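Visitor: So I've got this file, model-v2.txt, and it contains compact mmCIF, C-alpha atoms:
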# COMPACT_ATOMS: atom_id res chain seq x y z
CA MET A 1 -13.31 -23.12 10.16
CA ARG A 2 -14.63 -22.90 13.69
CA GLN A 3 -13.71 -19.34 14.56
CA TYR A 4 -13.25 -17.62 11.20
CA ASN A 5 -16.13 -15.17 11.57
CA HIS A 6 -15.29 -14.56 15.23
CA TYR A 7 -11.73 -13.57 14.35
CA LEU A 8 -12.91 -11.14 11.69
CA ASP A 9 -15.64 -9.66 13.90
CA GLU A 10 -13.23 -9.03 16.76
CA PHE A 11 -10.60 -7.60 14.44
CA GLU A 12 -13.13 -5.21 12.93
CA LYS A 13 -14.17 -4.11 16.44
CA TYR A 14 -10.52 -3.51 17.35
CA VAL A 15 -9.77 -1.50 14.21
CA SER A 16 -13.02 0.49 14.55
CA THR A 17 -11.43 2.34 17.48
CA TYR A 18 -9.05 3.94 14.96
CA ASP A 19 -9.82 6.33 12.11
CA LEU A 20 -10.92 4.17 9.18
CA LEU A 21 -11.18 7.32 7.04
CA ASN A 22 -7.40 7.46 7.23
CA VAL A 23 -6.17 5.72 4.07
CA LYS A 24 -3.20 4.25 5.93
CA ILE A 25 -5.45 2.66 8.54
CA LYS A 26 -7.84 1.40 5.87
CA GLY A 27 -4.97 0.03 3.81
CA LYS A 28 -3.47 -1.84 6.75
CA PHE A 29 -6.90 -3.22 7.65
CA GLU A 30 -7.36 -4.59 4.12
CA HIS A 31 -3.78 -5.93 4.07
CA SER A 32 -4.41 -7.84 7.30
CA LYS A 33 -7.54 -9.47 5.90
CA ARG A 34 -5.79 -10.46 2.67
CA VAL A 35 -2.87 -11.97 4.58
CA MET A 36 -5.36 -13.91 6.68
CA GLU A 37 -6.82 -15.41 3.49
CA LEU A 38 -3.37 -16.19 2.11
CA SER A 39 -2.34 -17.85 5.36
CA ASN A 40 -5.41 -20.05 5.26
CA LYS A 41 -4.86 -20.91 1.59
CA TYR A 42 -1.22 -21.90 1.88
CA ALA A 43 -1.56 -23.66 5.23
CA LYS A 44 -4.01 -25.98 3.45
CA LEU A 45 -1.73 -26.41 0.42
CA LEU A 46 1.15 -27.24 2.77
CA ASP A 47 -1.00 -29.91 4.43
CA PHE A 48 -1.08 -28.30 7.87
CA ASN A 49 -3.47 -30.14 10.17
CA GLU A 50 -6.86 -28.58 10.96
CA GLU A 51 -5.69 -26.89 14.14
CA ASP A 52 -2.61 -25.43 12.52
CA ILE A 53 -4.66 -24.15 9.58
CA GLU A 54 -6.82 -22.23 12.02
CA LEU A 55 -3.78 -21.03 13.95
CA ALA A 56 -2.04 -19.87 10.76
CA THR A 57 -5.18 -18.02 9.73
CA LEU A 58 -5.32 -16.16 13.04
CA ILE A 59 -1.61 -15.29 12.85
CA GLY A 60 -2.17 -13.90 9.37
CA LEU A 61 -4.93 -11.62 10.61
CA LEU A 62 -3.03 -10.38 13.66
CA HIS A 63 0.53 -10.12 12.30
CA ASP A 64 0.36 -6.32 11.84
CA ILE A 65 -2.01 -5.41 14.67
CA GLY A 66 0.60 -3.08 16.15
CA ARG A 67 0.56 -0.95 13.01
CA PHE A 68 -2.66 0.79 14.05
CA GLU A 69 -1.28 1.97 17.37
CA GLN A 70 2.06 2.77 15.71
CA LEU A 71 0.32 5.20 13.37
CA ARG A 72 -1.73 6.74 16.16
CA VAL A 73 1.29 7.31 18.41
CA TYR A 74 3.98 8.13 15.85
CA ASP A 75 1.98 9.15 12.76
CA SER A 76 4.30 6.93 10.74
CA PHE A 77 4.80 3.34 9.60
CA ASN A 78 8.57 3.85 9.45
CA ASP A 79 9.96 1.21 11.82
CA VAL A 80 13.51 2.58 11.68
CA ALA A 81 12.36 6.04 12.76
CA THR A 82 9.73 4.89 15.28
CA ILE A 83 9.32 1.35 16.63
CA ASP A 84 9.56 -2.17 15.26
CA HIS A 85 5.97 -2.92 14.28
CA ALA A 86 6.26 -6.67 14.89
CA ASP A 87 7.50 -6.13 18.43
CA TYR A 88 4.75 -3.55 18.90
CA SER A 89 2.18 -6.06 17.65
CA VAL A 90 3.34 -8.56 20.25
CA GLU A 91 3.11 -5.85 22.91
CA GLN A 92 -0.48 -5.00 21.96
CA LEU A 93 -1.49 -8.66 21.96
CA PHE A 94 0.26 -9.98 25.05
CA LYS A 95 1.15 -7.07 27.31
CA LYS A 96 -2.23 -5.42 26.80
CA ASP A 97 -4.07 -8.77 26.64
CA GLU A 98 -5.73 -8.04 23.30
CA ILE A 99 -5.08 -11.66 22.33
CA LYS A 100 -7.97 -12.68 24.59
CA ARG A 101 -10.37 -10.93 22.21
CA PHE A 102 -9.53 -13.57 19.64
CA THR A 103 -8.73 -16.85 21.37
CA ASN A 104 -8.44 -18.45 24.78
CA GLU A 105 -6.29 -21.27 23.39
CA GLU A 106 -3.35 -20.48 25.65
CA ASP A 107 -1.18 -23.22 24.16
CA TRP A 108 -1.28 -21.20 20.92
CA TYR A 109 0.08 -18.06 22.56
CA PRO A 110 3.82 -18.86 22.35
CA ILE A 111 3.45 -19.81 18.66
CA ILE A 112 1.47 -16.67 17.84
CA GLU A 113 3.98 -14.51 19.67
CA PHE A 114 7.00 -16.14 18.01
CA ALA A 115 5.55 -16.01 14.49
CA ILE A 116 4.37 -12.40 14.72
CA LYS A 117 7.52 -11.14 16.45
CA ASN A 118 9.70 -12.66 13.73
CA HIS A 119 7.60 -12.00 10.64
CA ASN A 120 9.64 -8.91 9.72
CA LYS A 121 13.05 -9.78 11.11
CA MET A 122 16.18 -10.42 9.05
CA ASP A 123 15.90 -14.11 9.88
CA ILE A 124 14.12 -16.51 12.22
CA PRO A 125 15.93 -17.48 15.45
CA ASN A 126 17.43 -20.95 15.39
CA ILE A 127 15.16 -22.99 17.65
CA ARG A 128 14.17 -26.66 17.70
CA ASP A 129 10.41 -26.21 17.84
CA GLU A 130 9.38 -27.08 14.27
CA ARG A 131 5.78 -26.01 14.81
CA MET A 132 6.87 -22.51 15.74
CA ILE A 133 9.29 -22.41 12.83
CA LYS A 134 6.74 -23.48 10.21
CA HIS A 135 4.26 -20.83 11.34
CA ALA A 136 6.93 -18.14 11.31
CA ARG A 137 8.04 -19.19 7.83
CA LEU A 138 4.49 -19.15 6.51
CA ILE A 139 3.55 -15.68 7.79
CA ARG A 140 6.85 -14.26 6.48
CA ASP A 141 6.14 -15.68 3.02
CA VAL A 142 2.48 -14.75 2.65
CA ASP A 143 3.09 -11.27 4.04
CA LYS A 144 5.56 -10.72 1.21
CA ILE A 145 3.01 -11.91 -1.35
CA ASP A 146 0.57 -9.23 -0.26
CA ILE A 147 3.15 -6.50 0.28
CA MET A 148 3.64 -6.64 -3.48
CA VAL A 149 -0.09 -5.95 -3.84
CA ALA A 150 -0.12 -3.21 -1.22
CA MET A 151 2.87 -1.42 -2.78
CA THR A 152 1.74 -1.64 -6.41
CA GLY A 153 1.28 1.86 -7.79
CA ARG A 154 2.48 3.53 -4.60
CA VAL A 155 6.26 3.55 -5.03
CA ILE A 156 7.87 6.37 -7.00
CA GLU A 157 11.57 6.30 -7.86
CA ASP A 158 13.31 9.63 -7.34
CA GLY A 159 16.52 9.44 -9.37
CA SER A 160 18.66 8.88 -6.27
CA ARG A 161 21.55 6.44 -6.20
CA VAL A 162 21.15 3.06 -4.54
CA SER A 163 23.54 2.56 -1.63
CA LYS A 164 26.46 0.16 -2.01
CA GLU A 165 25.29 -1.88 0.97
CA MET A 166 21.87 -2.39 -0.60
CA LEU A 167 23.30 -3.38 -3.99
CA ASP A 168 25.89 -5.74 -2.50
CA SER A 169 23.26 -7.57 -0.47
CA PHE A 170 20.91 -7.76 -3.44
CA LYS A 171 23.56 -9.14 -5.80
CA LYS A 172 24.46 -11.83 -3.26
CA HIS A 173 20.78 -12.77 -2.89
CA GLY A 174 21.31 -11.97 0.75
CA LEU A 175 19.11 -10.55 3.45
CA ILE A 176 18.83 -6.80 3.02
CA ASP A 177 18.87 -4.75 6.20
CA ARG A 178 16.30 -1.96 5.98
CA LYS A 179 18.56 0.35 7.94
CA TYR A 180 20.53 0.86 4.73
CA ALA A 181 17.45 2.15 2.91
CA LYS A 182 18.14 5.88 2.85
CA THR A 183 16.37 6.84 -0.39
CA ARG A 184 13.28 5.87 -2.35
CA ASN A 185 15.41 3.84 -4.74
CA ASP A 186 17.03 2.01 -1.84
CA PHE A 187 13.51 1.19 -0.69
CA ILE A 188 12.62 -0.19 -4.14
CA ILE A 189 15.69 -2.45 -4.21
CA ASN A 190 14.76 -3.64 -0.73
CA GLN A 191 11.33 -4.64 -2.04
CA TYR A 192 12.87 -6.45 -5.01
CA GLY A 193 15.09 -8.42 -2.64
CA PHE A 194 12.11 -9.92 -0.78
CA ALA A 195 12.08 -12.83 -3.23
CA PHE A 196 15.41 -14.11 -1.97
CA ASN A 197 14.02 -14.59 1.53
CA ILE A 198 10.95 -16.68 0.62
CA TYR A 199 11.05 -20.15 2.14
CA TYR A 200 8.14 -22.14 0.70
CA ASP A 201 8.43 -22.85 -3.04
CA ILE A 202 4.68 -23.32 -3.31
CA VAL A 203 4.04 -19.58 -2.82
CA LEU A 204 6.43 -18.46 -5.57
CA GLU A 205 4.03 -18.48 -8.51
CA GLU A 206 1.59 -16.09 -6.83
CA TYR A 207 4.45 -14.00 -5.50
CA LYS A 208 5.93 -13.77 -9.01
CA ASN A 209 2.64 -12.57 -10.53
CA ASN A 210 2.30 -9.87 -7.87
CA PHE A 211 5.95 -8.88 -8.20
CA ILE A 212 5.58 -8.37 -11.96
CA LYS A 213 2.62 -6.05 -11.38
CA PHE A 214 4.58 -4.18 -8.73
CA HIS A 215 7.52 -3.71 -11.10
CA GLU A 216 5.30 -2.60 -13.98
CA SER A 217 3.63 0.02 -11.77
CA ILE A 218 6.90 1.84 -11.04
CA LYS A 219 7.47 4.91 -13.16
CA ASP A 220 10.78 4.72 -15.07
CA ASN A 221 11.09 1.09 -14.03
CA GLU A 222 13.68 0.49 -16.74
CA LYS A 223 16.20 1.78 -14.19
CA PHE A 224 15.47 -1.36 -12.19
CA MET A 225 15.35 -3.76 -15.13
CA GLU A 226 18.58 -5.54 -14.22
CA ALA A 227 17.34 -6.18 -10.69
CA TYR A 228 13.91 -7.21 -12.02
CA GLU A 229 15.42 -9.73 -14.42
CA GLU A 230 17.61 -11.16 -11.66
CA VAL A 231 14.56 -11.69 -9.43
CA ILE A 232 12.51 -13.28 -12.20
CA LYS A 233 15.40 -15.59 -13.10
CA TYR A 234 15.79 -16.61 -9.47
CA ILE A 235 12.06 -17.27 -9.03
CA ASN A 236 11.73 -19.21 -12.30
CA GLU A 237 14.67 -21.46 -11.43
CA ARG A 238 13.15 -22.27 -8.06
CA ILE A 239 9.71 -22.92 -9.56
CA GLU A 240 11.19 -25.20 -12.23
CA LYS A 241 13.13 -27.17 -9.63
CA TYR A 242 10.04 -27.42 -7.44
CA GLU A 243 7.93 -28.72 -10.32
CA ARG A 244 10.58 -31.27 -11.29
CA ASN A 245 10.74 -32.59 -7.75
CA ARG A 246 6.95 -32.86 -7.56
CA ASN A 247 6.84 -34.91 -10.78
Could you rewrite the structure in this file as structure tokens?
Guide:
Amino acid sequence: MRQYNHYLDEFEKYVSTYDLLNVKIKGKFEHSKRVMELSNKYAKLLDFNEEDIELATLIGLLHDIGRFEQLRVYDSFNDVATIDHADYSVEQLFKKDEIKRFTNEEDWYPIIEFAIKNHNKMDIPNIRDERMIKHARLIRDVDKIDIMVAMTGRVIEDGSRVSKEMLDSFKKHGLIDRKYAKTRNDFIINQYGFAFNIYYDIVLEEYKNNFIKFHESIKDNEKFMEAYEEVIKYINERIEKYERNRN
């Protein structure tokens, strides 16, 4: 890839202005690099052309760039209590011109902005530009794959009840609005519900493996066994259908 090392070098320079001894900064730095790799991997598997593979890779690296400034300003990654980190990422890149560190391909800018802005939203806006849509779908999917890695071993259930809104959305395999996540256990159910919002079948096997590890890392995870089994059933059915259609 033409600019792979350049992207990483510039990203490292950008992040070096923050406190890398802070475990949250370090964790987000590592997450961004892993998502970059996943974006590259699945863009190739989805037969993106060479330019779109490179573009997807850059989007993967930059999708959370606003997180670093969010932590510096608000001392929190809580979007509900502070600022939407995807919107903040777009602000850092395009209002503060940080995007020019990484690429001067100005025809990429609208796609980068659209994909990053919508990577954490409830759904993608209904537009006709299929190139924008496919990049937004990809970053949303691969981000979820690595969130399972990032959260493994870090989530502790607290015995609280899960809100009715969260459970209703989960049971319907619907989009779960994070504003309903009031407790740790709400947060866990929100994470479990990620599977229902994955678009590309090809990513499901890796997502499933990471999800299983995430579930197994939760103390007293038997309290979430029904939700876990529902997610695994859903994923397996989609994988089986995908494999049948391929053969």
Visitor: Could you tell me how far atom CA of Ser16 of chain A lies from atom CA of Asp87 of chain A, in Å and to one decimal?
Guide: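 Interatomic distance, atom CA of Ser16 of chain A to atom CA of Asp87 of chain A: 21.9 Å.
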Visitor: As an exercise, work out the distance from atom CA of Tyr234 of chain A to atom CA of His85 of chain A in Å and give it to one decimal place.
Guide: 29.1 Å
Visitor: Just give me the gap between atom CA of Arg184 of chain A and atom CA of Ser160 of chain A in Å, one decimal is fine.
Guide: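 Rounded to one decimal, the two atoms are 7.3 Å apart.
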Visitor: Please provide the set of residues having any atom within 9 Å of segment 40-48 of chain A, restricted to all atoms listed in the file, with same-chain residues fewer than 6 positions apart removed, written as an MDAnalysis selection string.
Guide: chainID A and resid 54:58 60 135 138 142 200 202:203
Visitor: Show me, as CSV, the residues of segment 56-83 of chain A having an atom within 12 Å of segment 28-38 of chain A, each with the closest atom pair and its distance in Å, using only C-alpha atoms.
Guide:
residue,atom,partner,partner_atom,distance
A:Ala56,CA,A:Met36,CA,7.9
A:Thr57,CA,A:Met36,CA,5.1
A:Leu58,CA,A:Met36,CA,6.7
A:Ile59,CA,A:Met36,CA,7.4
A:Gly60,CA,A:Met36,CA,4.2
A:Leu61,CA,A:Met36,CA,4.6
A:Leu62,CA,A:Ser32,CA,7.0
A:His63,CA,A:Ser32,CA,7.4
A:Asp64,CA,A:Ser32,CA,6.8
A:Ile65,CA,A:Ser32,CA,8.1
A:Gly66,CA,A:Lys28,CA,10.3
A:Arg67,CA,A:Lys28,CA,7.5
A:Phe68,CA,A:Lys28,CA,7.8
A:Glu69,CA,A:Lys28,CA,11.5
A:Gln70,CA,A:Lys28,CA,11.5
A:Leu71,CA,A:Lys28,CA,10.4
A:Phe77,CA,A:Lys28,CA,10.2
Visitor: Could you give me the axis-aligned bounding box of segment 22-26 of chain A, with 6 Å of padding per side, as centre plus edge lengths in Å to one decimal, as lines of an AutoDock Vina configuration file?
Guide:
center_x = -5.5
center_y = 4.4
center_z = 6.3
size_x = 16.6
size_y = 18.1
size_z = 16.5
Visitor: May I ask which of the residues A:Phe11, A:Lys241, A:Glu206, A:Lys223 is the closest one to Arg101 of chain A, counting all atoms listed in the file?
Guide: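 So, comparing all the options, the nearest one is A:Phe11.
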Visitor: Would you mind telling me which residue in A:Lys182, A:Lys24, A:Arg154, A:Lys134 lies nearest to Met166 of chain A when using only C-alpha atoms?
Guide: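 Closest to Met166 of chain A, using only C-alpha atoms: A:Lys182.
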Visitor: Counting only C-alpha atoms, which of A:Asn22, A:Asn104, A:Gln92, A:Ser163 gets nearest to Thr183 of chain A?
Guide: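 Nearest candidate to Thr183 of chain A out of A:Asn22, A:Asn104, A:Gln92, A:Ser163: A:Ser163.
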Visitor: Identify which of the residues A:His6, A:Lys179, A:Lys100, A:Arg72 lies closest to Tyr18 of chain A, counting only C-alpha atoms when measuring atom-to-atom distances.
Guide: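 Smallest distance to Tyr18 of chain A is found for A:Arg72.
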Visitor: May I ask you to restore all heavy atoms in segment 158-169 of chain A and write the result as a PDB file, in the coordinates of the input?
Guide:
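Result file is out_4.pdb:
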ATOM      1  N   ASP A 158      13.030   8.191  -7.407  1.00  0.00           N
ATOM      2  CA  ASP A 158      13.310   9.630  -7.340  1.00  0.00           C
ATOM      3  C   ASP A 158      14.657  10.014  -7.962  1.00  0.00           C
ATOM      4  O   ASP A 158      15.138  11.124  -7.755  1.00  0.00           O
ATOM      5  CB  ASP A 158      13.267  10.105  -5.887  1.00  0.00           C
ATOM      6  CG  ASP A 158      14.305   9.404  -5.006  1.00  0.00           C
ATOM      7  OD1 ASP A 158      15.068   8.567  -5.537  1.00  0.00           O
ATOM      8  OD2 ASP A 158      14.340   9.695  -3.804  1.00  0.00           O
ATOM      9  N   GLY A 159      15.269   9.093  -8.716  1.00  0.00           N
ATOM     10  CA  GLY A 159      16.520   9.440  -9.370  1.00  0.00           C
ATOM     11  C   GLY A 159      17.735   9.352  -8.470  1.00  0.00           C
ATOM     12  O   GLY A 159      18.862   9.623  -8.902  1.00  0.00           O
ATOM     13  N   SER A 160      17.536   8.972  -7.206  1.00  0.00           N
ATOM     14  CA  SER A 160      18.660   8.880  -6.270  1.00  0.00           C
ATOM     15  C   SER A 160      19.484   7.628  -6.549  1.00  0.00           C
ATOM     16  O   SER A 160      19.018   6.680  -7.182  1.00  0.00           O
ATOM     17  CB  SER A 160      18.148   8.860  -4.832  1.00  0.00           C
ATOM     18  OG  SER A 160      17.285   7.765  -4.645  1.00  0.00           O
ATOM     19  N   ARG A 161      20.696   7.603  -6.040  1.00  0.00           N
ATOM     20  CA  ARG A 161      21.550   6.440  -6.200  1.00  0.00           C
ATOM     21  C   ARG A 161      21.198   5.395  -5.141  1.00  0.00           C
ATOM     22  O   ARG A 161      20.810   5.730  -4.025  1.00  0.00           O
ATOM     23  CB  ARG A 161      23.018   6.833  -6.062  1.00  0.00           C
ATOM     24  CG  ARG A 161      23.487   7.798  -7.140  1.00  0.00           C
ATOM     25  CD  ARG A 161      24.970   8.116  -6.990  1.00  0.00           C
ATOM     26  NE  ARG A 161      25.790   6.919  -7.209  1.00  0.00           N
ATOM     27  CZ  ARG A 161      27.106   6.907  -7.154  1.00  0.00           C
ATOM     28  NH1 ARG A 161      27.772   8.023  -6.854  1.00  0.00           N
ATOM     29  NH2 ARG A 161      27.780   5.797  -7.374  1.00  0.00           N
ATOM     30  N   VAL A 162      21.361   4.135  -5.498  1.00  0.00           N
ATOM     31  CA  VAL A 162      21.150   3.060  -4.540  1.00  0.00           C
ATOM     32  C   VAL A 162      22.446   2.844  -3.773  1.00  0.00           C
ATOM     33  O   VAL A 162      23.536   2.837  -4.352  1.00  0.00           O
ATOM     34  CB  VAL A 162      20.742   1.759  -5.270  1.00  0.00           C
ATOM     35  CG1 VAL A 162      20.604   0.607  -4.280  1.00  0.00           C
ATOM     36  CG2 VAL A 162      19.449   1.969  -6.039  1.00  0.00           C
ATOM     37  N   SER A 163      22.349   2.692  -2.456  1.00  0.00           N
ATOM     38  CA  SER A 163      23.540   2.560  -1.630  1.00  0.00           C
ATOM     39  C   SER A 163      24.306   1.283  -1.957  1.00  0.00           C
ATOM     40  O   SER A 163      23.730   0.278  -2.385  1.00  0.00           O
ATOM     41  CB  SER A 163      23.173   2.576  -0.147  1.00  0.00           C
ATOM     42  OG  SER A 163      22.475   1.393   0.188  1.00  0.00           O
ATOM     43  N   LYS A 164      25.601   1.317  -1.741  1.00  0.00           N
ATOM     44  CA  LYS A 164      26.460   0.160  -2.010  1.00  0.00           C
ATOM     45  C   LYS A 164      26.036  -1.041  -1.168  1.00  0.00           C
ATOM     46  O   LYS A 164      26.036  -2.184  -1.648  1.00  0.00           O
ATOM     47  CB  LYS A 164      27.916   0.509  -1.724  1.00  0.00           C
ATOM     48  CG  LYS A 164      28.909  -0.610  -2.035  1.00  0.00           C
ATOM     49  CD  LYS A 164      30.332  -0.162  -1.763  1.00  0.00           C
ATOM     50  CE  LYS A 164      31.331  -1.258  -2.160  1.00  0.00           C
ATOM     51  NZ  LYS A 164      31.114  -2.521  -1.428  1.00  0.00           N
ATOM     52  N   GLU A 165      25.695  -0.789   0.089  1.00  0.00           N
ATOM     53  CA  GLU A 165      25.290  -1.880   0.970  1.00  0.00           C
ATOM     54  C   GLU A 165      24.046  -2.600   0.434  1.00  0.00           C
ATOM     55  O   GLU A 165      23.947  -3.821   0.474  1.00  0.00           O
ATOM     56  CB  GLU A 165      25.024  -1.365   2.375  1.00  0.00           C
ATOM     57  CG  GLU A 165      26.252  -0.866   3.109  1.00  0.00           C
ATOM     58  CD  GLU A 165      26.559   0.596   2.829  1.00  0.00           C
ATOM     59  OE1 GLU A 165      25.886   1.198   1.954  1.00  0.00           O
ATOM     60  OE2 GLU A 165      27.457   1.126   3.496  1.00  0.00           O
ATOM     61  N   MET A 166      23.090  -1.814  -0.059  1.00  0.00           N
ATOM     62  CA  MET A 166      21.870  -2.390  -0.600  1.00  0.00           C
ATOM     63  C   MET A 166      22.173  -3.223  -1.840  1.00  0.00           C
ATOM     64  O   MET A 166      21.705  -4.355  -1.989  1.00  0.00           O
ATOM     65  CB  MET A 166      20.867  -1.290  -0.945  1.00  0.00           C
ATOM     66  CG  MET A 166      20.348  -0.513   0.242  1.00  0.00           C
ATOM     67  SD  MET A 166      19.230  -1.465   1.294  1.00  0.00           S
ATOM     68  CE  MET A 166      17.764  -1.498   0.276  1.00  0.00           C
ATOM     69  N   LEU A 167      22.982  -2.677  -2.752  1.00  0.00           N
ATOM     70  CA  LEU A 167      23.300  -3.380  -3.990  1.00  0.00           C
ATOM     71  C   LEU A 167      24.103  -4.648  -3.725  1.00  0.00           C
ATOM     72  O   LEU A 167      23.853  -5.690  -4.345  1.00  0.00           O
ATOM     73  CB  LEU A 167      24.082  -2.468  -4.929  1.00  0.00           C
ATOM     74  CG  LEU A 167      23.261  -1.437  -5.708  1.00  0.00           C
ATOM     75  CD1 LEU A 167      24.188  -0.544  -6.528  1.00  0.00           C
ATOM     76  CD2 LEU A 167      22.236  -2.125  -6.617  1.00  0.00           C
ATOM     77  N   ASP A 168      25.070  -4.569  -2.806  1.00  0.00           N
ATOM     78  CA  ASP A 168      25.890  -5.740  -2.500  1.00  0.00           C
ATOM     79  C   ASP A 168      25.035  -6.879  -1.948  1.00  0.00           C
ATOM     80  O   ASP A 168      25.197  -8.037  -2.343  1.00  0.00           O
ATOM     81  CB  ASP A 168      26.983  -5.376  -1.494  1.00  0.00           C
ATOM     82  CG  ASP A 168      28.105  -4.552  -2.105  1.00  0.00           C
ATOM     83  OD1 ASP A 168      28.143  -4.462  -3.354  1.00  0.00           O
ATOM     84  OD2 ASP A 168      28.903  -3.993  -1.340  1.00  0.00           O
ATOM     85  N   SER A 169      24.137  -6.550  -1.034  1.00  0.00           N
ATOM     86  CA  SER A 169      23.260  -7.570  -0.470  1.00  0.00           C
ATOM     87  C   SER A 169      22.347  -8.154  -1.536  1.00  0.00           C
ATOM     88  O   SER A 169      22.120  -9.372  -1.588  1.00  0.00           O
ATOM     89  CB  SER A 169      22.417  -6.985   0.670  1.00  0.00           C
ATOM     90  OG  SER A 169      23.222  -6.631   1.764  1.00  0.00           O
TER      91      SER A 169
END
